[in-house]
file run-v6.cif (mmCIF, C-alpha atoms)
data_input
loop_
_atom_site.label_atom_id
_atom_site.label_comp_id
_atom_site.auth_asym_id
_atom_site.auth_seq_id
_atom_site.Cartn_x
_atom_site.Cartn_y
_atom_site.Cartn_z
CA MET P 10 -21.91 -2.86 -8.79
CA LYS P 11 -20.51 -6.35 -8.24
CA VAL P 12 -17.91 -6.86 -5.49
CA ALA P 13 -16.26 -10.26 -5.05
CA LYS P 14 -13.30 -11.85 -3.30
CA THR P 15 -11.23 -13.83 -5.77
CA ILE P 16 -7.74 -15.16 -6.41
CA GLN P 17 -5.08 -13.21 -8.26
CA VAL P 18 -2.41 -15.39 -9.84
CA ARG P 19 1.02 -13.76 -9.63
CA VAL P 20 3.32 -15.19 -12.28
CA TYR P 21 7.08 -14.72 -12.27
CA THR P 22 8.70 -14.89 -15.70
CA PRO P 23 12.09 -14.26 -17.25
CA ASP P 24 12.42 -10.60 -18.20
CA GLN P 25 12.56 -11.14 -21.94
CA PRO P 26 10.44 -10.50 -25.04
CA GLY P 27 7.51 -12.84 -25.58
CA GLU P 28 6.78 -13.87 -21.99
CA LEU P 29 3.45 -12.04 -21.77
CA SER P 30 2.40 -13.69 -25.02
CA ARG P 31 3.48 -17.10 -23.76
CA VAL P 32 1.55 -16.76 -20.48
CA LEU P 33 -1.64 -15.43 -22.09
CA SER P 34 -1.49 -17.97 -24.93
CA THR P 35 -1.08 -20.81 -22.44
CA LEU P 36 -4.30 -19.74 -20.74
CA ALA P 37 -6.26 -18.92 -23.89
CA GLY P 38 -5.27 -22.23 -25.48
CA SER P 39 -6.96 -24.05 -22.59
CA LYS P 40 -10.02 -21.78 -22.52
CA VAL P 41 -9.12 -19.83 -19.37
CA ASN P 42 -10.45 -16.29 -19.72
CA VAL P 43 -8.31 -13.47 -18.34
CA ILE P 44 -10.57 -10.87 -16.74
CA ALA P 45 -7.79 -8.45 -15.79
CA PHE P 46 -4.01 -8.33 -15.81
CA ALA P 47 -1.17 -6.00 -15.01
CA GLY P 48 2.55 -6.44 -15.14
CA TYR P 49 5.97 -4.92 -14.67
CA ALA P 50 9.64 -5.91 -14.72
CA GLN P 51 11.84 -5.69 -11.65
CA ASP P 52 15.09 -7.35 -10.58
CA GLN P 53 15.46 -8.99 -13.99
CA ARG P 54 12.11 -10.82 -13.70
CA GLY P 55 8.68 -10.22 -15.11
CA HIS P 56 5.83 -9.93 -12.63
CA LEU P 57 2.33 -10.57 -14.00
CA MET P 58 -0.81 -10.30 -11.92
CA LEU P 59 -3.78 -12.11 -13.45
CA VAL P 60 -7.42 -12.47 -12.48
CA THR P 61 -9.09 -15.24 -14.47
CA ASP P 62 -12.40 -17.05 -14.61
CA ASN P 63 -10.70 -20.22 -13.28
CA ALA P 64 -7.74 -19.57 -10.97
CA GLY P 65 -7.19 -23.25 -10.17
CA LYS P 66 -6.89 -24.22 -13.82
CA ALA P 67 -4.69 -21.19 -14.56
CA ILE P 68 -2.34 -22.13 -11.73
CA SER P 69 -2.07 -25.73 -12.89
CA LEU P 70 -1.41 -24.72 -16.49
CA LEU P 71 1.20 -22.13 -15.62
CA LYS P 72 3.01 -24.39 -13.15
CA ALA P 73 3.08 -27.12 -15.83
CA ALA P 74 4.61 -24.54 -18.20
CA GLY P 75 7.42 -24.02 -15.68
CA TYR P 76 6.40 -20.71 -14.13
CA GLU P 77 6.76 -19.78 -10.48
CA ILE P 78 3.30 -18.90 -9.16
CA ARG P 79 1.88 -17.22 -6.08
CA GLU P 80 -1.82 -17.10 -5.19
CA GLU P 81 -3.08 -13.86 -3.66
CA ALA P 82 -6.49 -12.86 -2.33
CA VAL P 83 -7.92 -9.76 -4.03
CA VAL P 84 -11.22 -7.96 -4.42
CA LEU P 85 -12.64 -7.67 -7.94
CA VAL P 86 -15.09 -4.83 -8.56
CA THR P 87 -17.14 -4.63 -11.75
CA ASP P 88 -19.37 -1.64 -12.40
CA SER P 89 -20.69 0.66 -15.10
CA ASP P 90 -18.03 2.91 -16.55
CA VAL P 91 -19.14 6.41 -15.63
CA LEU P 92 -17.13 9.50 -14.87
CA GLY P 93 -15.83 9.32 -11.31
CA SER P 94 -16.20 5.54 -10.81
CA GLY P 95 -12.64 5.16 -9.57
CA ALA P 96 -12.87 8.22 -7.35
CA ALA P 97 -16.05 6.93 -5.73
CA LEU P 98 -14.44 3.57 -4.95
CA ALA P 99 -11.31 5.23 -3.58
CA ALA P 100 -13.43 7.49 -1.34
CA LYS P 101 -15.24 4.48 0.18
CA ILE P 102 -11.92 2.76 0.84
CA ALA P 103 -10.43 5.87 2.41
CA LYS P 104 -13.50 6.44 4.59
CA ALA P 105 -13.18 2.86 5.89
CA GLY P 106 -9.51 3.47 6.72
CA ILE P 107 -8.29 0.56 4.59
CA ASN P 108 -4.73 0.56 3.30
CA LEU P 109 -4.33 -0.84 -0.20
CA THR P 110 -1.20 -2.76 -1.12
CA GLY P 111 -2.01 -2.81 -4.83
CA SER P 112 -4.63 -1.97 -7.43
CA TYR P 113 -5.20 -1.81 -11.16
CA ALA P 114 -8.19 -1.06 -13.33
CA THR P 115 -9.47 -0.85 -16.87
CA SER P 116 -12.65 0.06 -18.69
CA SER P 117 -14.11 -1.05 -21.98
CA GLY P 118 -17.53 -1.21 -23.57
CA GLY P 119 -19.22 0.60 -20.70
CA THR P 120 -17.79 -1.65 -17.96
CA TYR P 121 -15.23 -0.65 -15.34
CA VAL P 122 -13.14 -3.42 -13.72
CA THR P 123 -10.90 -2.82 -10.71
CA VAL P 124 -8.68 -5.20 -8.74
CA PHE P 125 -7.73 -4.26 -5.18
CA GLN P 126 -5.21 -5.94 -2.91
CA THR P 127 -5.08 -5.38 0.85
CA ALA P 128 -4.43 -7.22 4.09
CA ASP P 129 -8.06 -6.38 5.04
CA ILE P 130 -9.94 -8.26 2.29
CA ASP P 131 -13.15 -8.85 4.28
CA ARG P 132 -13.30 -5.25 5.50
CA LEU P 133 -12.75 -4.04 1.95
CA VAL P 134 -15.60 -6.15 0.61
CA ALA P 135 -17.90 -4.83 3.35
CA ALA P 136 -16.84 -1.22 2.69
CA LEU P 137 -17.55 -1.48 -1.03
CA LYS P 138 -20.94 -3.21 -0.82
#
call {"tool": "encode", "arguments": {"input": "run-v6.cif", "output": "structure tokens"}}
result
Amino acid sequence: MKVAKTIQVRVYTPDQPGELSRVLSTLAGSKVNVIAFAGYAQDQRGHLMLVTDNAGKAISLLKAAGYEIREEAVVLVTDSDVLGSGAALAAKIAKAGINLTGSYATSSGGTYVTVFQTADIDRLVAALK
């Protein structure tokens, strides 16, 4: 299992068709790989959370494209996709008494990727290692 502190790029967009495509195409066109993303619409704005292989470049590109950006510290966990992976991570976090403020996950091709957000980033990293 790999556990790492990284930067999540929160992107605020207009709440309209095509914004996800525009954001992801902006990054792909400049060879920034998106490792994980999640999104939702609220208060007539789109909210995208992105973890990339180059947060600094992603931020520069998206600011240049006119987006409002916020950088957020998160923990990225990559592991083998086996039954109960998420439950095992959640149990470690609960045992450490860490409150999560956000999380999202996906699995593909035998790999499980999870992004966790908390005010206790260093404690979370220690709890998961």
call {"tool": "resolve_selection", "arguments": {"input": "run-v6.cif", "expression": "the PyMOL selection byres ((chain P and resi 53-66) around 7)", "output": "PDB file with C-alpha atoms, keeping the file's coordinate frame"}}
result
ATOM      1  CA  ILE P  16      -7.740 -15.160  -6.410  1.00  0.00           C
ATOM      2  CA  GLN P  17      -5.080 -13.210  -8.260  1.00  0.00           C
ATOM      3  CA  VAL P  18      -2.410 -15.390  -9.840  1.00  0.00           C
ATOM      4  CA  ARG P  19       1.020 -13.760  -9.630  1.00  0.00           C
ATOM      5  CA  VAL P  20       3.320 -15.190 -12.280  1.00  0.00           C
ATOM      6  CA  TYR P  21       7.080 -14.720 -12.270  1.00  0.00           C
ATOM      7  CA  THR P  22       8.700 -14.890 -15.700  1.00  0.00           C
ATOM      8  CA  PRO P  23      12.090 -14.260 -17.250  1.00  0.00           C
ATOM      9  CA  ASP P  24      12.420 -10.600 -18.200  1.00  0.00           C
ATOM     10  CA  VAL P  41      -9.120 -19.830 -19.370  1.00  0.00           C
ATOM     11  CA  ASN P  42     -10.450 -16.290 -19.720  1.00  0.00           C
ATOM     12  CA  VAL P  43      -8.310 -13.470 -18.340  1.00  0.00           C
ATOM     13  CA  ILE P  44     -10.570 -10.870 -16.740  1.00  0.00           C
ATOM     14  CA  ALA P  45      -7.790  -8.450 -15.790  1.00  0.00           C
ATOM     15  CA  PHE P  46      -4.010  -8.330 -15.810  1.00  0.00           C
ATOM     16  CA  ALA P  47      -1.170  -6.000 -15.010  1.00  0.00           C
ATOM     17  CA  GLY P  48       2.550  -6.440 -15.140  1.00  0.00           C
ATOM     18  CA  TYR P  49       5.970  -4.920 -14.670  1.00  0.00           C
ATOM     19  CA  ALA P  50       9.640  -5.910 -14.720  1.00  0.00           C
ATOM     20  CA  GLN P  51      11.840  -5.690 -11.650  1.00  0.00           C
ATOM     21  CA  ASP P  52      15.090  -7.350 -10.580  1.00  0.00           C
ATOM     22  CA  ALA P  67      -4.690 -21.190 -14.560  1.00  0.00           C
ATOM     23  CA  ILE P  68      -2.340 -22.130 -11.730  1.00  0.00           C
ATOM     24  CA  SER P  69      -2.070 -25.730 -12.890  1.00  0.00           C
ATOM     25  CA  LEU P  70      -1.410 -24.720 -16.490  1.00  0.00           C
TER      26      LEU P  70
END
call {"tool": "resolve_selection", "arguments": {"input": "run-v6.cif", "expression": "the PyMOL selection byres ((chain P and resi 88-96) around 12)", "output": "PDB file with C-alpha atoms, in the frame of the given file"}}
result
ATOM      1  CA  MET P  10     -21.910  -2.860  -8.790  1.00  0.00           C
ATOM      2  CA  LYS P  11     -20.510  -6.350  -8.240  1.00  0.00           C
ATOM      3  CA  VAL P  12     -17.910  -6.860  -5.490  1.00  0.00           C
ATOM      4  CA  ALA P  13     -16.260 -10.260  -5.050  1.00  0.00           C
ATOM      5  CA  LEU P  85     -12.640  -7.670  -7.940  1.00  0.00           C
ATOM      6  CA  VAL P  86     -15.090  -4.830  -8.560  1.00  0.00           C
ATOM      7  CA  THR P  87     -17.140  -4.630 -11.750  1.00  0.00           C
ATOM      8  CA  ALA P  97     -16.050   6.930  -5.730  1.00  0.00           C
ATOM      9  CA  LEU P  98     -14.440   3.570  -4.950  1.00  0.00           C
ATOM     10  CA  ALA P  99     -11.310   5.230  -3.580  1.00  0.00           C
ATOM     11  CA  ALA P 100     -13.430   7.490  -1.340  1.00  0.00           C
ATOM     12  CA  LYS P 101     -15.240   4.480   0.180  1.00  0.00           C
ATOM     13  CA  ILE P 102     -11.920   2.760   0.840  1.00  0.00           C
ATOM     14  CA  ALA P 103     -10.430   5.870   2.410  1.00  0.00           C
ATOM     15  CA  SER P 112      -4.630  -1.970  -7.430  1.00  0.00           C
ATOM     16  CA  TYR P 113      -5.200  -1.810 -11.160  1.00  0.00           C
ATOM     17  CA  ALA P 114      -8.190  -1.060 -13.330  1.00  0.00           C
ATOM     18  CA  THR P 115      -9.470  -0.850 -16.870  1.00  0.00           C
ATOM     19  CA  SER P 116     -12.650   0.060 -18.690  1.00  0.00           C
ATOM     20  CA  SER P 117     -14.110  -1.050 -21.980  1.00  0.00           C
ATOM     21  CA  GLY P 118     -17.530  -1.210 -23.570  1.00  0.00           C
ATOM     22  CA  GLY P 119     -19.220   0.600 -20.700  1.00  0.00           C
ATOM     23  CA  THR P 120     -17.790  -1.650 -17.960  1.00  0.00           C
ATOM     24  CA  TYR P 121     -15.230  -0.650 -15.340  1.00  0.00           C
ATOM     25  CA  VAL P 122     -13.140  -3.420 -13.720  1.00  0.00           C
ATOM     26  CA  THR P 123     -10.900  -2.820 -10.710  1.00  0.00           C
ATOM     27  CA  VAL P 124      -8.680  -5.200  -8.740  1.00  0.00           C
ATOM     28  CA  PHE P 125      -7.730  -4.260  -5.180  1.00  0.00           C
ATOM     29  CA  LEU P 137     -17.550  -1.480  -1.030  1.00  0.00           C
ATOM     30  CA  LYS P 138     -20.940  -3.210  -0.820  1.00  0.00           C
TER      31      LYS P 138
END
call {"tool": "atom_distance", "arguments": {"input": "run-v6.cif", "atom1": "CA of Thr127 (chain P)", "atom2": "CA of Val83 (chain P)"}}
result
7.1 Å
call {"tool": "atom_distance", "arguments": {"input": "run-v6.cif", "atom1": "CA of Thr35 (chain P)", "atom2": "CA of Gly75 (chain P)"}}
result
11.3 Å
call {"tool": "atom_distance", "arguments": {"input": "run-v6.cif", "atom1": "CA of Leu133 (chain P)", "atom2": "CA of Ile107 (chain P)"}}
result
6.9 Å
call {"tool": "closest_residue", "arguments": {"input": "run-v6.cif", "among": "P:Lys14, P:Leu109, P:Glu28, P:Leu36", "to": "Ala82 (chain P)", "atoms": "all atoms listed in the file"}}
result
P:Lys14
